file entry.cif (mmCIF, C-alpha atoms)
data_start
loop_
_atom_site.label_atom_id
_atom_site.label_comp_id
_atom_site.auth_asym_id
_atom_site.auth_seq_id
_atom_site.Cartn_x
_atom_site.Cartn_y
_atom_site.Cartn_z
CA MET A 1 10.63 -13.26 -4.40
CA LEU A 2 8.58 -16.37 -3.62
CA LYS A 3 9.17 -15.75 0.09
CA PHE A 4 7.58 -12.31 -0.31
CA LEU A 5 4.51 -13.80 -1.99
CA ARG A 6 4.09 -16.34 0.79
CA LYS A 7 4.55 -13.72 3.47
CA LYS A 8 1.80 -11.59 2.00
CA ASN A 9 -0.47 -14.66 1.78
CA ILE A 10 -0.76 -13.79 -1.86
CA ALA A 11 -2.06 -17.19 -2.94
CA LYS A 12 -5.37 -16.48 -1.23
CA ILE A 13 -5.88 -12.85 -2.13
CA ILE A 14 -4.16 -12.00 -5.38
CA PHE A 15 -5.98 -14.48 -7.60
CA TRP A 16 -9.40 -13.38 -6.40
CA GLY A 17 -8.40 -9.76 -6.69
CA LEU A 18 -7.05 -10.13 -10.21
CA VAL A 19 -9.24 -12.71 -11.89
CA ILE A 20 -12.66 -12.09 -10.38
CA LEU A 21 -12.74 -8.31 -10.28
CA ILE A 22 -14.48 -7.07 -13.37
CA LEU A 23 -11.85 -4.74 -14.80
CA PRO A 24 -10.49 -4.32 -18.33
CA ALA A 25 -7.52 -6.60 -18.01
CA PHE A 26 -5.49 -5.77 -21.09
CA VAL A 27 -4.54 -2.11 -20.80
CA LEU A 28 -0.89 -1.37 -21.61
CA TRP A 29 0.00 -4.85 -22.78
CA GLY A 30 -2.03 -6.04 -25.75
CA VAL A 31 -2.85 -9.63 -26.67
CA GLY A 32 -1.08 -10.13 -29.98
CA SER A 33 2.25 -11.41 -28.70
CA VAL A 34 1.47 -14.82 -27.28
CA GLY A 35 4.16 -17.44 -27.00
CA ARG A 36 4.40 -21.01 -28.21
CA SER A 37 6.16 -24.11 -27.03
CA LYS A 38 9.70 -24.82 -28.14
CA LEU A 39 10.11 -27.50 -30.78
CA LYS A 40 11.40 -29.93 -28.16
CA GLY A 41 9.36 -30.59 -25.05
CA PRO A 42 5.64 -30.78 -24.27
CA SER A 43 3.25 -29.92 -27.08
CA TYR A 44 0.55 -28.64 -24.71
CA VAL A 45 0.28 -27.16 -21.22
CA GLY A 46 -2.10 -29.64 -19.63
CA LEU A 47 -5.58 -31.16 -19.60
CA ILE A 48 -8.78 -29.64 -18.26
CA ASP A 49 -11.70 -32.07 -18.52
CA ASN A 50 -9.52 -34.05 -20.95
CA ARG A 51 -9.20 -31.03 -23.25
CA LYS A 52 -5.66 -30.09 -24.22
CA ILE A 53 -4.73 -26.53 -23.24
CA SER A 54 -2.34 -24.98 -25.75
CA PHE A 55 0.57 -22.74 -24.87
CA ASP A 56 -1.10 -19.90 -26.75
CA GLU A 57 -4.26 -20.28 -24.66
CA LEU A 58 -2.30 -20.08 -21.42
CA ALA A 59 -0.26 -17.14 -22.70
CA LYS A 60 -3.41 -15.21 -23.58
CA ASN A 61 -4.67 -15.64 -20.03
CA MET A 62 -1.26 -14.63 -18.68
CA VAL A 63 -1.59 -11.36 -20.56
CA SER A 64 -4.94 -10.83 -18.85
CA ILE A 65 -3.50 -11.46 -15.40
CA ARG A 66 -0.39 -9.39 -16.06
CA CYS A 67 -2.40 -6.37 -17.15
CA GLN A 68 -4.71 -6.72 -14.18
CA VAL A 69 -1.66 -6.57 -11.92
CA ILE A 70 -0.62 -3.32 -13.58
CA LEU A 71 -4.07 -1.81 -13.05
CA ASN A 72 -4.26 -2.90 -9.43
CA TYR A 73 -0.68 -2.21 -8.35
CA GLY A 74 0.50 0.52 -10.70
CA ALA A 75 0.85 2.92 -7.75
CA GLN A 76 3.08 0.43 -5.90
CA PRO A 77 6.10 -0.01 -8.22
CA LYS A 78 8.05 -2.33 -5.92
CA VAL A 79 5.13 -4.73 -5.55
CA LEU A 80 4.36 -4.42 -9.26
CA ASP A 81 7.94 -5.29 -10.15
CA ILE A 82 7.89 -8.42 -7.98
CA PHE A 83 4.70 -9.68 -9.64
CA LEU A 84 5.72 -8.97 -13.23
CA LYS A 85 9.13 -10.58 -12.86
CA ASN A 86 7.63 -13.79 -11.53
CA LYS A 87 6.42 -15.38 -14.77
CA GLY A 88 5.78 -18.69 -13.03
CA PHE A 89 3.40 -17.05 -10.60
CA LEU A 90 1.56 -15.29 -13.43
CA ALA A 91 1.31 -18.61 -15.26
CA LYS A 92 -0.22 -20.21 -12.16
CA LEU A 93 -2.86 -17.48 -11.96
CA ALA A 94 -3.60 -17.87 -15.67
CA TRP A 95 -4.06 -21.63 -15.25
CA ASP A 96 -6.51 -21.02 -12.42
CA ARG A 97 -8.40 -18.56 -14.61
CA LEU A 98 -8.73 -21.25 -17.28
CA LEU A 99 -10.08 -23.72 -14.72
CA MET A 100 -12.77 -21.27 -13.69
CA LEU A 101 -13.72 -20.43 -17.26
CA ASN A 102 -14.08 -24.14 -17.92
CA GLU A 103 -16.46 -24.51 -14.97
CA ALA A 104 -18.50 -21.56 -16.19
CA GLY A 105 -18.79 -23.30 -19.54
CA ARG A 106 -19.85 -26.58 -17.93
CA HIS A 107 -22.63 -24.72 -16.15
CA LYS A 108 -23.64 -23.11 -19.45
CA ILE A 109 -23.08 -19.62 -18.07
CA GLU A 110 -23.04 -17.05 -20.85
CA ALA A 111 -23.37 -13.35 -20.13
CA LYS A 112 -25.80 -11.53 -22.40
CA ASP A 113 -24.71 -8.79 -24.77
CA LYS A 114 -26.61 -6.14 -22.83
CA ASP A 115 -24.76 -7.08 -19.62
CA VAL A 116 -21.39 -6.86 -21.35
CA VAL A 117 -22.29 -3.45 -22.75
CA ALA A 118 -23.51 -2.25 -19.35
CA LEU A 119 -20.30 -3.42 -17.73
CA ILE A 120 -18.09 -1.62 -20.21
CA LYS A 121 -20.15 1.58 -20.05
CA SER A 122 -19.99 1.59 -16.25
CA HIS A 123 -16.21 1.58 -16.13
CA PRO A 124 -14.62 4.98 -15.37
CA LEU A 125 -11.74 4.23 -17.73
CA PHE A 126 -14.07 4.87 -20.67
CA SER A 127 -15.91 7.83 -19.19
CA ARG A 128 -15.74 11.58 -19.58
CA ASN A 129 -17.54 13.83 -17.11
CA GLY A 130 -19.17 10.78 -15.55
CA LYS A 131 -20.61 9.43 -18.81
CA PHE A 132 -19.46 6.73 -21.19
CA ASP A 133 -17.60 8.22 -24.17
CA ASP A 134 -17.39 6.03 -27.28
CA LYS A 135 -14.47 8.03 -28.70
CA ILE A 136 -12.42 7.44 -25.55
CA TYR A 137 -13.42 3.78 -25.61
CA GLN A 138 -12.31 3.33 -29.23
CA TYR A 139 -9.09 5.25 -28.62
CA ILE A 140 -8.07 3.18 -25.58
CA LEU A 141 -8.87 -0.09 -27.35
CA ARG A 142 -6.83 0.89 -30.37
CA TYR A 143 -3.83 2.65 -28.85
CA ASN A 144 -3.56 1.38 -25.26
CA ILE A 145 -4.83 -2.16 -25.63
CA GLY A 146 -4.27 -2.95 -29.28
CA ILE A 147 -7.45 -4.95 -29.68
CA ASP A 148 -10.64 -4.53 -31.67
CA PRO A 149 -13.93 -3.88 -29.83
CA ARG A 150 -15.43 -7.29 -30.64
CA ALA A 151 -12.49 -9.17 -29.13
CA PHE A 152 -12.44 -6.90 -26.07
CA GLU A 153 -16.14 -7.40 -25.49
CA GLU A 154 -15.66 -11.19 -25.52
CA ILE A 155 -12.91 -10.78 -22.93
CA MET A 156 -15.32 -8.85 -20.73
CA ARG A 157 -17.94 -11.52 -21.29
CA GLU A 158 -15.50 -14.10 -19.90
CA ASN A 159 -14.95 -11.94 -16.83
CA LEU A 160 -18.69 -11.77 -16.23
CA ASN A 161 -18.98 -15.53 -16.69
CA ILE A 162 -16.32 -16.10 -14.04
CA GLN A 163 -18.05 -13.73 -11.63
CA ARG A 164 -21.40 -15.47 -12.09
CA MET A 165 -19.81 -18.87 -11.64
CA ASN A 166 -18.37 -17.70 -8.34
CA ASP A 167 -21.74 -16.30 -7.26
CA ILE A 168 -23.31 -19.73 -7.85
CA VAL A 169 -20.58 -21.55 -5.93
CA THR A 170 -20.85 -19.24 -2.90
CA LYS A 171 -24.61 -18.59 -2.83
CA ASP A 172 -25.15 -20.65 0.34
CA ILE A 173 -22.24 -19.15 2.32
CA LYS A 174 -23.46 -17.24 5.38
CA SER A 175 -21.89 -15.62 8.43
CA THR A 176 -23.33 -15.79 11.93
CA ASP A 177 -23.45 -13.06 14.57
CA GLU A 178 -21.01 -15.09 16.67
CA GLU A 179 -18.52 -15.30 13.82
CA VAL A 180 -18.76 -11.56 13.21
CA LEU A 181 -18.22 -10.81 16.91
CA ASN A 182 -15.22 -13.14 17.18
CA GLU A 183 -13.60 -11.69 14.09
CA TYR A 184 -14.17 -8.17 15.38
CA LYS A 185 -12.49 -9.13 18.65
CA LYS A 186 -9.49 -10.47 16.74
CA GLU A 187 -9.05 -7.18 14.94
CA ASN A 188 -9.84 -4.80 17.79
CA GLU A 189 -8.97 -6.34 21.15
CA LYS A 190 -5.52 -6.21 22.75
CA PHE A 191 -3.91 -8.81 24.98
CA LYS A 192 -1.19 -9.38 27.52
CA LEU A 193 0.10 -12.91 28.06
CA SER A 194 2.03 -15.04 30.49
CA TYR A 195 3.83 -17.61 28.35
CA VAL A 196 6.52 -20.19 27.92
CA LEU A 197 8.36 -20.65 24.65
CA ILE A 198 9.67 -24.14 24.00
CA ALA A 199 12.13 -25.18 21.33
CA PRO A 200 12.26 -27.49 19.54
CA LEU A 201 8.59 -27.39 18.61
CA GLU A 202 8.15 -31.15 18.96
CA GLU A 203 8.76 -30.99 22.71
CA SER A 204 6.11 -28.35 23.35
CA LYS A 205 3.09 -30.64 22.97
CA GLY A 206 4.35 -33.05 25.58
CA LEU A 207 5.12 -30.20 27.98
CA ARG A 208 1.67 -28.70 27.45
CA GLU A 209 0.13 -32.01 28.54
CA LYS A 210 2.20 -31.89 31.71
CA ILE A 211 1.15 -28.29 32.38
CA MET A 212 -2.50 -29.23 31.84
CA GLY A 213 -2.12 -32.13 34.25
CA LEU A 214 -0.81 -29.83 36.97
CA THR A 215 -3.49 -27.16 36.39
CA GLU A 216 -6.45 -29.53 36.10
CA LYS A 217 -5.51 -32.25 38.60
CA ASP A 218 -3.43 -30.36 41.13
CA GLY A 219 -5.19 -27.01 40.81
CA LEU A 220 -2.02 -25.05 40.09
CA THR A 221 -2.07 -21.83 38.13
CA PHE A 222 -0.48 -21.81 34.69
CA GLU A 223 2.48 -19.86 36.08
CA ASN A 224 3.00 -22.22 39.04
CA ALA A 225 2.66 -25.29 36.83
CA ALA A 226 5.26 -23.96 34.39
CA SER A 227 7.57 -23.04 37.25
CA LYS A 228 7.27 -26.51 38.75
CA LEU A 229 8.43 -27.94 35.41
CA ASN A 230 11.42 -25.58 35.46
CA LEU A 231 10.10 -23.63 32.48
CA LYS A 232 10.98 -19.95 32.13
CA ILE A 233 7.86 -17.82 32.44
CA LEU A 234 7.80 -14.64 30.36
CA GLU A 235 5.27 -11.88 29.82
CA THR A 236 4.34 -9.89 26.75
CA PRO A 237 3.48 -6.21 26.63
CA ILE A 238 -0.05 -5.29 25.53
CA PHE A 239 -0.31 -6.11 21.83
CA SER A 240 -2.78 -6.37 18.97
CA ARG A 241 -3.15 -8.70 16.01
CA THR A 242 -0.95 -6.63 13.71
CA ASP A 243 1.99 -6.36 16.11
CA TYR A 244 5.32 -8.16 16.02
CA LEU A 245 6.35 -9.60 19.40
CA GLU A 246 10.03 -9.43 20.16
CA GLY A 247 11.47 -12.90 20.62
CA ILE A 248 8.28 -14.58 19.35
CA GLY A 249 7.23 -13.27 15.93
CA GLU A 250 4.00 -12.19 14.29
CA ALA A 251 1.01 -11.91 16.61
CA ALA A 252 -1.86 -12.89 14.29
CA ASP A 253 -2.00 -16.63 15.10
CA ILE A 254 -1.53 -15.89 18.79
CA VAL A 255 -4.49 -13.50 18.83
CA ASP A 256 -6.63 -16.06 17.01
CA GLU A 257 -5.98 -18.46 19.87
CA ALA A 258 -6.25 -15.84 22.62
CA VAL A 259 -9.74 -14.75 21.50
CA ARG A 260 -11.20 -18.22 22.00
CA LEU A 261 -9.76 -18.78 25.50
CA LYS A 262 -11.82 -18.48 28.67
CA LYS A 263 -10.46 -16.90 31.85
CA ASP A 264 -7.34 -18.72 33.13
CA GLU A 265 -7.56 -21.30 30.31
CA VAL A 266 -4.26 -22.61 28.92
CA SER A 267 -3.75 -22.19 25.19
CA LYS A 268 -3.00 -24.92 22.73
CA VAL A 269 0.52 -24.92 21.30
CA VAL A 270 0.91 -22.05 18.83
CA GLU A 271 3.73 -22.55 16.35
CA THR A 272 6.11 -19.60 16.07
CA ARG A 273 9.47 -18.97 14.46
CA LYS A 274 11.15 -19.57 17.80
CA GLY A 275 9.31 -22.73 18.82
CA GLY A 276 6.05 -23.73 20.47
CA LEU A 277 4.22 -21.03 22.43
CA ILE A 278 1.98 -21.97 25.38
CA PHE A 279 0.25 -19.16 27.23
CA LYS A 280 -2.48 -17.81 29.46
CA VAL A 281 -4.14 -14.46 28.83
CA SER A 282 -3.38 -12.24 31.80
CA GLU A 283 -5.06 -9.05 30.56
CA VAL A 284 -7.56 -8.07 27.86
CA GLN A 285 -8.29 -4.60 26.56
CA GLU A 286 -11.77 -5.11 25.17
CA PHE A 287 -13.13 -3.59 21.99
CA ASP A 288 -15.36 -0.51 21.98
CA LYS A 289 -18.91 -1.90 22.04
CA GLU A 290 -20.54 1.32 20.84
CA LYS A 291 -18.15 1.48 17.91
CA PHE A 292 -18.87 -2.17 17.13
CA GLU A 293 -22.61 -1.50 16.91
CA LYS A 294 -21.96 1.30 14.43
CA GLU A 295 -19.56 -0.80 12.34
CA LYS A 296 -21.27 -4.16 12.69
CA ASP A 297 -23.16 -4.26 9.38
CA GLU A 298 -20.19 -3.23 7.25
CA PHE A 299 -17.88 -5.51 9.18
CA ALA A 300 -20.32 -8.41 8.68
CA LYS A 301 -20.15 -7.85 4.92
CA LYS A 302 -16.36 -8.00 5.08
CA ILE A 303 -16.45 -11.26 7.02
CA LEU A 304 -18.92 -12.76 4.55
CA GLU A 305 -16.67 -11.84 1.64
CA ARG A 306 -13.71 -13.37 3.47
CA LYS A 307 -15.63 -16.62 4.00
CA LYS A 308 -16.59 -16.69 0.34
CA THR A 309 -12.98 -16.17 -0.68
CA GLU A 310 -11.83 -19.01 1.58
CA PHE A 311 -14.53 -21.28 0.16
CA LEU A 312 -13.59 -20.35 -3.40
CA GLU A 313 -9.96 -21.08 -2.62
CA THR A 314 -10.84 -24.61 -1.48
CA TRP A 315 -13.11 -25.09 -4.49
CA LEU A 316 -10.36 -23.97 -6.85
CA ARG A 317 -7.86 -26.38 -5.27
CA ARG A 318 -10.33 -29.20 -6.05
CA LEU A 319 -10.47 -28.09 -9.68
CA GLU A 320 -6.68 -28.09 -9.80
CA ASN A 321 -6.56 -31.61 -8.44
CA LYS A 322 -8.96 -32.82 -11.13
CA ALA A 323 -6.98 -31.20 -13.95
CA LYS A 324 -3.59 -32.41 -15.18
CA LEU A 325 -0.61 -30.18 -15.85
CA ASN A 326 1.89 -31.26 -18.49
CA ILE A 327 4.52 -28.68 -17.51
CA ASP A 328 5.94 -27.07 -14.39
CA LEU A 329 4.32 -23.62 -14.33
CA GLY A 330 7.18 -22.38 -12.18
CA ASP A 331 9.50 -22.95 -15.18
CA TYR A 332 7.03 -21.51 -17.65
CA GLU A 333 9.57 -19.44 -19.59
CA LYS A 334 11.76 -22.38 -20.59
CA TYR A 335 8.93 -23.74 -22.74
CA TYR A 336 8.90 -20.64 -24.95
CA ARG A 337 11.13 -19.44 -27.75
#
call {"tool": "encode", "arguments": {"input": "entry.cif", "output": "structure tokens"}}
result
Amino acid sequence: MLKFLRKKNIAKIIFWGLVILILPAFVLWGVGSVGRSKLKGPSYVGLIDNRKISFDELAKNMVSIRCQVILNYGAQPKVLDIFLKNKGFLAKLAWDRLLMLNEAGRHKIEAKDKDVVALIKSHPLFSRNGKFDDKIYQYILRYNIGIDPRAFEEIMRENLNIQRMNDIVTKDIKSTDEEVLNEYKKENEKFKLSYVLIAPLEESKGLREKIMGLTEKDGLTFENAASKLNLKILETPIFSRTDYLEGIGEAADIVDEAVRLKKDEVSKVVETRKGGLIFKVSEVQEFDKEKFEKEKDEFAKKILERKKTEFLETWLRRLENKAKLNIDLGDYEKYYR
């Protein structure tokens, strides 16, 4: 289960998709059944700015995250099942949500009533024929969510506060034309490589230095230098970033390195499942320049959002380091009756 989450790089995308997105987070679950610590063991979850976080407070935020997962992944039952079974992962997301709410409070961010109302009225869940319907709203709150309107509106206010906190943190993040072009190349160009694969990984760095010495000092090609060192030279088929290379592994990190190389330049060592990969790009199928011009603006927006997400991830890790956990979130369930 945890291997799946790592493979999908979920730590960087799920939190921002579940906590920041302004969606009603409590559909189908309700907030009345929050847990509490067992009689023996820690009396609180941890400290955020020296304030004790109760088990009930964490559990309430877990309900929010859990319901958001259902809304976002309800059409993917296998993925949904993996998330909902992993209580420790949900607890981690809930803790991160609390950290961000605390920062919003420190910055005195408080969404106005009119903004909360506008947010709720804009959501299609509460609409009929494209317009907000108060009867549907009241029905869903009562029968699907099990919460009164006042409490739900405060939940939505918290979501807005988190979003505005994130906007403040990322307001100076920009993307350059060069960054956009390089990222577009990574996603749209294809490559063919001459390479050597060296295991164990530790030996590959030393061998790369020897290859570089032969190419730079003796003027040998990458292939001739590798051959002189009795290294087996292999060649890939044409591949893209999303491909899996037989005998090597996933291509994403390899493409990231290939994009930055100049003609006949030797790559740095790229770590793979099979060992250290050292290569030269032998062929490039370039991206469609006309298509790029048409897609450039939208693609630039995507890159900017990615940069903001990466920045927020680093910022959140700093908040985590400042806070103090009193329990192991991975064993969250053992602290509850």
call {"tool": "resolve_selection", "arguments": {"input": "entry.cif", "expression": "the PyMOL selection byres ((chain A and resi 163-172) around 6)", "output": "PyMOL selection string"}}
result
chain A and resi 20+104+160-162+173+308
call {"tool": "resolve_selection", "arguments": {"input": "entry.cif", "expression": "the PyMOL selection byres ((chain A and resi 54) around 9)", "output": "PyMOL selection string"}}
result
chain A and resi 36-37+43-46+52-53+55-59
call {"tool": "resolve_selection", "arguments": {"input": "entry.cif", "expression": "the PyMOL selection byres ((chain A and resi 196) around 8)", "output": "ChimeraX atom specification"}}
result
/A:194-195,197-198,226,231-234,277-279
call {"tool": "atom_distance", "arguments": {"input": "entry.cif", "atom1": "atom CA of A:Phe287", "atom2": "atom CA of A:Ile303"}}
result
17.1 Å
call {"tool": "atom_distance", "arguments": {"input": "entry.cif", "atom1": "atom CA of A:Ala94", "atom2": "atom CA of A:Phe152"}}
result
17.5 Å
call {"tool": "closest_residue", "arguments": {"input": "entry.cif", "among": "A:Phe222, A:Trp315, A:Phe299, A:Phe89", "to": "A:Lys280", "atoms": "only C-alpha atoms"}}
result
A:Phe222
call {"tool": "closest_residue", "arguments": {"input": "entry.cif", "among": "A:Arg318, A:Lys190, A:Lys217, A:Arg260", "to": "A:Ile238", "atoms": "all atoms listed in the file"}}
result
A:Lys190
call {"tool": "atom_distance", "arguments": {"input": "entry.cif", "atom1": "atom CA of A:Ala258", "atom2": "atom CA of A:Phe191"}}
result
7.8 Å
call {"tool": "closest_residue", "arguments": {"input": "entry.cif", "among": "A:Val281, A:Ile48, A:Leu319, A:Ala251", "to": "A:Glu223", "atoms": "all atoms listed in the file"}}
result
A:Val281
call {"tool": "closest_residue", "arguments": {"input": "entry.cif", "among": "A:Gly275, A:Leu119, A:Ile327, A:Gly88", "to": "A:Phe132", "atoms": "all atoms listed in the file"}}
result
A:Leu119
call {"tool": "residues_around", "arguments": {"input": "entry.cif", "residues": "A:Ala225", "least_positions_apart": "4", "cutoff": "8 Å", "atoms": "all atoms listed in the file", "output": "list in words"}}
result
Ile211, Leu214, Thr215, Leu220, Thr221 and Leu229 of chain A
call {"tool": "residues_around", "arguments": {"input": "entry.cif", "residues": "stretch 179-183 of chain A", "least_positions_apart": "3", "cutoff": "8 Å", "atoms": "only C-alpha atoms", "output": "mmCIF file with C-alpha atoms, in the coordinates of the input"}}
result
data_model
loop_
_atom_site.group_PDB
_atom_site.id
_atom_site.type_symbol
_atom_site.label_atom_id
_atom_site.label_comp_id
_atom_site.auth_asym_id
_atom_site.auth_seq_id
_atom_site.Cartn_x
_atom_site.Cartn_y
_atom_site.Cartn_z
ATOM 1 C CA SER A 175 -21.890 -15.620 8.430
ATOM 2 C CA THR A 176 -23.330 -15.790 11.930
ATOM 3 C CA LYS A 186 -9.490 -10.470 16.740
ATOM 4 C CA GLU A 187 -9.050 -7.180 14.940
ATOM 5 C CA VAL A 259 -9.740 -14.750 21.500
ATOM 6 C CA LYS A 296 -21.270 -4.160 12.690
ATOM 7 C CA PHE A 299 -17.880 -5.510 9.180
ATOM 8 C CA ALA A 300 -20.320 -8.410 8.680
ATOM 9 C CA ILE A 303 -16.450 -11.260 7.020
#
